[in-house]
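Trainee: Below is the file run_35.pdb, which contains PDB, C-alpha atoms, pLDDT in the B column.
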```
ATOM      1  CA  MET E   1     112.169 -87.756 -68.233  1.00 49.00           C
ATOM      2  CA  VAL E   2     113.440 -87.805 -64.669  1.00 48.00           C
ATOM      3  CA  SER E   3     112.343 -84.902 -62.530  1.00 51.00           C
ATOM      4  CA  PHE E   4     114.826 -82.912 -60.450  1.00 42.00           C
ATOM      5  CA  THR E   5     112.997 -83.956 -57.268  1.00 47.00           C
ATOM      6  CA  SER E   6     113.306 -87.648 -58.173  1.00 46.00           C
ATOM      7  CA  LEU E   7     116.981 -87.252 -58.958  1.00 40.00           C
ATOM      8  CA  LEU E   8     117.618 -85.372 -55.717  1.00 40.00           C
ATOM      9  CA  THR E   9     115.692 -87.990 -53.718  1.00 45.00           C
ATOM     10  CA  PHE E  10     117.778 -90.748 -55.312  1.00 41.00           C
ATOM     11  CA  ALA E  11     121.068 -88.937 -54.579  1.00 40.00           C
ATOM     12  CA  VAL E  12     120.177 -88.293 -50.927  1.00 38.00           C
ATOM     13  CA  SER E  13     119.001 -91.899 -50.499  1.00 44.00           C
ATOM     14  CA  ALA E  14     122.258 -93.160 -51.953  1.00 39.00           C
ATOM     15  CA  LEU E  15     124.290 -91.016 -49.571  1.00 37.00           C
ATOM     16  CA  PHE E  16     122.417 -92.249 -46.513  1.00 39.00           C
ATOM     17  CA  SER E  17     122.500 -95.903 -47.566  1.00 42.00           C
ATOM     18  CA  VAL E  18     126.301 -96.085 -47.425  1.00 40.00           C
ATOM     19  CA  GLN E  19     127.045 -98.233 -44.400  1.00 45.00           C
ATOM     20  CA  SER E  20     130.810 -98.575 -44.550  1.00 41.00           C
ATOM     21  CA  VAL E  21     133.966 -96.906 -45.724  1.00 39.00           C
ATOM     22  CA  VAL E  22     136.591 -98.609 -47.797  1.00 42.00           C
ATOM     23  CA  SER E  23     140.148 -97.410 -47.466  1.00 39.00           C
ATOM     24  CA  THR E  24     143.575 -98.629 -48.402  1.00 43.00           C
ATOM     25  CA  ALA E  25     147.056 -97.817 -47.272  1.00 43.00           C
ATOM     26  CA  ILE E  26     149.278 -95.808 -49.548  1.00 47.00           C
ATOM     27  CA  ASN E  27     152.614 -97.197 -50.597  1.00 50.00           C
ATOM     28  CA  GLU E  28     155.013 -97.137 -47.685  1.00 55.00           C
ATOM     29  CA  MET E  29     157.985 -94.837 -48.193  1.00 59.00           C
ATOM     30  CA  ASN E  30     161.533 -95.906 -47.443  1.00 67.00           C
ATOM     31  CA  TYR E  31     162.586 -93.029 -45.186  1.00 66.00           C
ATOM     32  CA  ALA E  32     166.127 -94.385 -44.898  1.00 73.00           C
ATOM     33  CA  THR E  33     166.791 -93.167 -48.436  1.00 79.00           C
ATOM     34  CA  LEU E  34     166.091 -89.549 -47.433  1.00 80.00           C
ATOM     35  CA  GLY E  35     168.818 -87.119 -46.493  1.00 82.00           C
ATOM     36  CA  ASN E  36     169.514 -86.201 -42.864  1.00 83.00           C
ATOM     37  CA  GLU E  37     167.642 -82.886 -43.075  1.00 82.00           C
ATOM     38  CA  ALA E  38     164.520 -84.541 -44.495  1.00 79.00           C
ATOM     39  CA  GLN E  39     164.646 -87.254 -41.820  1.00 76.00           C
ATOM     40  CA  GLU E  40     164.995 -84.594 -39.112  1.00 77.00           C
ATOM     41  CA  ILE E  41     161.975 -82.699 -40.449  1.00 75.00           C
ATOM     42  CA  LEU E  42     159.929 -85.910 -40.549  1.00 72.00           C
ATOM     43  CA  SER E  43     160.892 -86.679 -36.951  1.00 69.00           C
ATOM     44  CA  LEU E  44     159.059 -83.486 -35.968  1.00 68.00           C
ATOM     45  CA  ALA E  45     155.909 -84.612 -37.756  1.00 66.00           C
ATOM     46  CA  THR E  46     152.919 -86.445 -36.390  1.00 57.00           C
ATOM     47  CA  PRO E  47     153.739 -89.733 -34.647  1.00 60.00           C
ATOM     48  CA  VAL E  48     153.131 -93.058 -36.322  1.00 66.00           C
ATOM     49  CA  PRO E  49     149.511 -94.261 -35.953  1.00 70.00           C
ATOM     50  CA  PRO E  50     147.558 -94.993 -33.933  1.00 81.00           C
ATOM     51  CA  HIS E  51     147.112 -91.434 -32.702  1.00 81.00           C
ATOM     52  CA  TRP E  52     145.845 -91.198 -29.141  1.00 87.00           C
ATOM     53  CA  VAL E  53     144.981 -87.519 -28.817  1.00 89.00           C
ATOM     54  CA  ILE E  54     143.954 -85.635 -25.713  1.00 88.00           C
ATOM     55  CA  TYR E  55     142.365 -82.213 -26.004  1.00 82.00           C
ATOM     56  CA  TRP E  56     142.948 -79.787 -23.155  1.00 74.00           C
ATOM     57  CA  ASP E  57     140.643 -76.849 -22.531  1.00 71.00           C
ATOM     58  CA  GLN E  58     140.118 -76.920 -18.796  1.00 68.00           C
ATOM     59  CA  TRP E  59     141.538 -74.437 -16.335  1.00 66.00           C
ATOM     60  CA  THR E  60     143.158 -76.310 -13.470  1.00 68.00           C
ATOM     61  CA  GLY E  61     145.040 -73.526 -11.730  1.00 69.00           C
ATOM     62  CA  ASP E  62     148.330 -75.045 -12.886  1.00 73.00           C
ATOM     63  CA  ILE E  63     150.419 -73.142 -15.379  1.00 80.00           C
ATOM     64  CA  GLY E  64     151.258 -75.069 -18.520  1.00 85.00           C
ATOM     65  CA  PRO E  65     150.160 -78.480 -19.709  1.00 90.00           C
ATOM     66  CA  PRO E  66     149.893 -81.356 -17.225  1.00 90.00           C
ATOM     67  CA  ASP E  67     152.843 -83.511 -16.301  1.00 90.00           C
ATOM     68  CA  VAL E  68     153.380 -86.307 -18.799  1.00 91.00           C
ATOM     69  CA  SER E  69     152.556 -88.867 -16.098  1.00 92.00           C
ATOM     70  CA  ALA E  70     149.014 -87.453 -15.958  1.00 90.00           C
ATOM     71  CA  ILE E  71     148.378 -88.217 -19.635  1.00 90.00           C
ATOM     72  CA  SER E  72     149.960 -91.638 -19.896  1.00 88.00           C
ATOM     73  CA  GLY E  73     148.678 -93.597 -22.892  1.00 90.00           C
ATOM     74  CA  PHE E  74     148.313 -90.577 -25.190  1.00 91.00           C
ATOM     75  CA  ASN E  75     150.837 -89.651 -27.872  1.00 91.00           C
ATOM     76  CA  VAL E  76     149.437 -86.255 -28.920  1.00 92.00           C
ATOM     77  CA  PHE E  77     148.520 -83.432 -26.537  1.00 93.00           C
ATOM     78  CA  THR E  78     146.478 -80.490 -27.859  1.00 92.00           C
ATOM     79  CA  LEU E  79     146.484 -77.027 -26.320  1.00 91.00           C
ATOM     80  CA  CYS E  80     143.465 -74.839 -27.073  1.00 88.00           C
ATOM     81  CA  PHE E  81     143.073 -72.346 -28.896  1.00 88.00           C
ATOM     82  CA  LEU E  82     145.001 -70.292 -31.387  1.00 91.00           C
ATOM     83  CA  LEU E  83     142.530 -67.871 -32.948  1.00 92.00           C
ATOM     84  CA  ILE E  84     142.854 -65.157 -35.557  1.00 91.00           C
ATOM     85  CA  GLU E  85     142.979 -62.621 -32.698  1.00 89.00           C
ATOM     86  CA  GLY E  86     145.798 -64.563 -31.017  1.00 90.00           C
ATOM     87  CA  ALA E  87     146.240 -67.218 -28.367  1.00 89.00           C
ATOM     88  CA  TRP E  88     143.375 -68.041 -25.965  1.00 87.00           C
ATOM     89  CA  ASP E  89     142.835 -70.433 -23.078  1.00 86.00           C
ATOM     90  CA  GLN E  90     145.722 -72.923 -22.722  1.00 89.00           C
ATOM     91  CA  ALA E  91     147.488 -71.536 -25.797  1.00 90.00           C
ATOM     92  CA  GLN E  92     147.511 -68.117 -24.131  1.00 90.00           C
ATOM     93  CA  GLU E  93     148.712 -69.706 -20.911  1.00 90.00           C
ATOM     94  CA  TRP E  94     151.582 -71.265 -22.895  1.00 92.00           C
ATOM     95  CA  THR E  95     152.704 -67.767 -23.932  1.00 92.00           C
ATOM     96  CA  THR E  96     153.095 -66.756 -20.273  1.00 93.00           C
ATOM     97  CA  LEU E  97     155.754 -69.417 -19.698  1.00 94.00           C
ATOM     98  CA  THR E  98     159.397 -68.505 -20.040  1.00 95.00           C
ATOM     99  CA  ASP E  99     161.460 -69.914 -22.891  1.00 95.00           C
ATOM    100  CA  ALA E 100     163.190 -72.188 -20.369  1.00 97.00           C
ATOM    101  CA  GLN E 101     159.868 -73.475 -18.999  1.00 96.00           C
ATOM    102  CA  ARG E 102     158.557 -74.180 -22.514  1.00 95.00           C
ATOM    103  CA  ALA E 103     161.814 -75.933 -23.466  1.00 96.00           C
ATOM    104  CA  THR E 104     161.627 -78.120 -20.357  1.00 96.00           C
ATOM    105  CA  ILE E 105     157.992 -79.081 -21.003  1.00 95.00           C
ATOM    106  CA  LYS E 106     158.692 -79.790 -24.673  1.00 95.00           C
ATOM    107  CA  SER E 107     161.674 -81.998 -23.808  1.00 96.00           C
ATOM    108  CA  GLN E 108     159.633 -83.915 -21.195  1.00 96.00           C
ATOM    109  CA  TYR E 109     156.842 -84.500 -23.716  1.00 94.00           C
ATOM    110  CA  ALA E 110     159.333 -85.536 -26.421  1.00 94.00           C
ATOM    111  CA  ALA E 111     161.040 -87.967 -24.036  1.00 94.00           C
ATOM    112  CA  ALA E 112     157.626 -89.499 -23.286  1.00 94.00           C
ATOM    113  CA  GLY E 113     156.846 -89.788 -27.026  1.00 91.00           C
ATOM    114  CA  ILE E 114     154.082 -87.176 -26.863  1.00 93.00           C
ATOM    115  CA  LYS E 115     153.712 -84.507 -29.560  1.00 92.00           C
ATOM    116  CA  LEU E 116     152.588 -81.123 -28.270  1.00 92.00           C
ATOM    117  CA  ILE E 117     150.292 -79.269 -30.690  1.00 92.00           C
ATOM    118  CA  VAL E 118     147.821 -76.384 -30.623  1.00 92.00           C
ATOM    119  CA  SER E 119     144.234 -76.373 -31.863  1.00 91.00           C
ATOM    120  CA  VAL E 120     143.447 -73.549 -34.245  1.00 91.00           C
ATOM    121  CA  PHE E 121     140.194 -71.651 -34.689  1.00 89.00           C
ATOM    122  CA  GLY E 122     137.734 -73.453 -32.394  1.00 79.00           C
ATOM    123  CA  ALA E 123     133.983 -72.943 -32.370  1.00 84.00           C
ATOM    124  CA  THR E 124     134.133 -69.164 -31.963  1.00 85.00           C
ATOM    125  CA  ASP E 125     136.491 -68.353 -34.836  1.00 87.00           C
ATOM    126  CA  ALA E 126     135.271 -68.141 -38.425  1.00 88.00           C
ATOM    127  CA  PRO E 127     138.245 -67.208 -40.614  1.00 89.00           C
ATOM    128  CA  THR E 128     136.533 -67.680 -43.959  1.00 87.00           C
ATOM    129  CA  SER E 129     133.384 -65.787 -42.964  1.00 89.00           C
ATOM    130  CA  THR E 130     135.368 -62.899 -41.511  1.00 90.00           C
ATOM    131  CA  GLY E 131     137.591 -62.632 -44.563  1.00 91.00           C
ATOM    132  CA  ALA E 132     140.892 -63.526 -42.900  1.00 92.00           C
ATOM    133  CA  ASP E 133     143.751 -63.706 -45.372  1.00 93.00           C
ATOM    134  CA  PRO E 134     144.621 -67.433 -45.597  1.00 91.00           C
ATOM    135  CA  VAL E 135     148.332 -66.935 -46.302  1.00 93.00           C
ATOM    136  CA  GLU E 136     148.783 -64.355 -43.550  1.00 93.00           C
ATOM    137  CA  THR E 137     146.828 -66.531 -41.107  1.00 92.00           C
ATOM    138  CA  ALA E 138     148.904 -69.609 -41.965  1.00 91.00           C
ATOM    139  CA  ASN E 139     152.153 -67.678 -41.603  1.00 92.00           C
ATOM    140  CA  THR E 140     151.054 -66.224 -38.257  1.00 90.00           C
ATOM    141  CA  PHE E 141     150.075 -69.647 -36.945  1.00 90.00           C
ATOM    142  CA  ALA E 142     153.307 -71.217 -38.221  1.00 90.00           C
ATOM    143  CA  ALA E 143     155.344 -68.516 -36.469  1.00 90.00           C
ATOM    144  CA  TRP E 144     153.492 -69.158 -33.210  1.00 87.00           C
TER     145      TRP E 144
END
```
Could you quickly redo this structure as structure tokens?
Mentor:
Amino acid sequence: MVSFTSLLTFAVSALFSVQSVVSTAINEMNYATLGNEAQEILSLATPVPPHWVIYWDQWTGDIGPPDVSAISGFNVFTLCFLLIEGAWDQAQEWTTLTDAQRATIKSQYAAAGIKLIVSVFGATDAPTSTGADPVETANTFAAW
């Protein structure tokens, strides 16, 4: 009979002996067959790979994200952080901009092919441990 310790040792050894990952592409979808609304929604989605992401959590004294020329070569720009309590750091700074300023920045980023996103939670937020309602949290973040 195999002891629990032997079985556990074997399982852990097997996990650590894996040296590579095998992956395969999923079937490519023909987006041209979708309706206009579906194509418009997809155009707002994540850009086609590869994803060159820059994470911004440094106060520079400037208001808003950097000019697109300063992040040339990246196609996703991440503001930090949207927490359960609300926006912090660069995400909070984003809320201080006027609608016109945000629209201008978003159009500049779109013209440069850069998606503008926000990082949620961060190292200091623990939504599951604090009992945050997942649906309410998702709806709040989506509205932001």
Trainee: Mind giving me the straight-line distance from CA of Tyr109 (chain E) to CA of Gln90 (chain E) in Å, one decimal?
Mentor: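 The value is 16.1 Å.
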Trainee: State, in Å with one decimal place, the distance from CA of Pro66 (chain E) to CA of Ala110 (chain E).
Mentor: 13.8 Å
Trainee: My list of candidates is E:Leu42, E:Leu79, E:Ile105, E:Ala111. Which is closest to Glu93 (chain E) when distances are computed with all atoms listed in the file?
Mentor: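 Closest to Glu93 (chain E) of all the choices is E:Leu79.
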Trainee: Applied to the shown file, which residues does the PyMOL selection byres ((chain E and resi 69) around 12) return, written as a short mmCIF file (atom, residue, chain, number, x, y, z; two decimals) with C-alpha atoms, in the coordinates of the input?
Mentor:
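Below is the file that was written, selection-v5.cif:
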```cif
data_model
loop_
_atom_site.label_atom_id
_atom_site.label_comp_id
_atom_site.auth_asym_id
_atom_site.auth_seq_id
_atom_site.Cartn_x
_atom_site.Cartn_y
_atom_site.Cartn_z
CA PRO E 65 150.16 -78.48 -19.71
CA PRO E 66 149.89 -81.36 -17.23
CA ASP E 67 152.84 -83.51 -16.30
CA VAL E 68 153.38 -86.31 -18.80
CA ALA E 70 149.01 -87.45 -15.96
CA ILE E 71 148.38 -88.22 -19.64
CA SER E 72 149.96 -91.64 -19.90
CA GLY E 73 148.68 -93.60 -22.89
CA PHE E 74 148.31 -90.58 -25.19
CA ASN E 75 150.84 -89.65 -27.87
CA GLN E 108 159.63 -83.92 -21.20
CA TYR E 109 156.84 -84.50 -23.72
CA ALA E 111 161.04 -87.97 -24.04
CA ALA E 112 157.63 -89.50 -23.29
CA GLY E 113 156.85 -89.79 -27.03
CA ILE E 114 154.08 -87.18 -26.86
#
```
Trainee: Between E:Thr137, E:Ser107, E:Thr33, E:Thr96, which residue has the minimum interatomic distance to Phe121 (chain E), considering all atoms listed in the file?
Mentor: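 Closest residue, counting all atoms listed in the file: E:Thr137.
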Trainee: Tell me which of E:Lys115, E:Gly86, E:Asn139, E:Gln92 sits closest to Trp52 (chain E), counting all atoms listed in the file.
Mentor: E:Lys115
Trainee: Report, as AutoDock Vina command-line options, the axis-aligned box around all atoms of region 115-118 of chain E present in the file, extended by 4 Å on each side; give centre and edge lengths in Å to one decimal place.
Mentor:
```
--center_x 150.8 --center_y -80.4 --center_z -29.5 --size_x 13.9 --size_y 16.1 --size_z 10.4
```
Trainee: Give me the region 44-102 of chain E side of the contact with region 128-133 of chain E, cut-off 12 Å, one line per residue showing its nearest atom pair and distance in Å at one decimal, counting all atoms listed in the file, sorted by chain and residue number, as CSV.
Mentor:
```
residue,atom,partner,partner_atom,distance
E:Leu83,CA,E:Ala132,CA,11.0
E:Ile84,CA,E:Ala132,CA,7.8
E:Glu85,CA,E:Ala132,CA,10.5
```
Trainee: Could you work out how far CA of Ile63 (chain E) lies from CA of Thr95 (chain E), giving the answer in Å with one decimal?
Mentor: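 A separation of 10.4 Å between them.
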Trainee: With distances taken over all atoms listed in the file, which of E:Leu34, E:Ala103, E:Leu97, E:Val118 is nearest to Asp57 (chain E)?
Mentor: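 Counting all atoms listed in the file, the residue closest to Asp57 (chain E) is E:Val118.
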Trainee: Nearest to Asp62 (chain E): which of E:Thr140, E:Trp94, E:Ala123, E:Val135 is it, counting all atoms listed in the file?
Mentor: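 For Asp62 (chain E), the nearest of the candidates is E:Trp94.
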Trainee: Using all atoms listed in the file, which of E:Ala138, E:Ala143, E:Ala87, E:Ile54 sits nearest Leu116 (chain E)?
Mentor: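 Counting all atoms listed in the file, the residue closest to Leu116 (chain E) is E:Ile54.
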Trainee: Near Ser119 (chain E), counting all atoms listed in the file, which residues have an atom at most 9 Å away, once you skip same-chain residues fewer than 2 positions from it, shown as a PyMOL selection string?
Mentor: chain E and resi 55+78-83+91+117+121-122
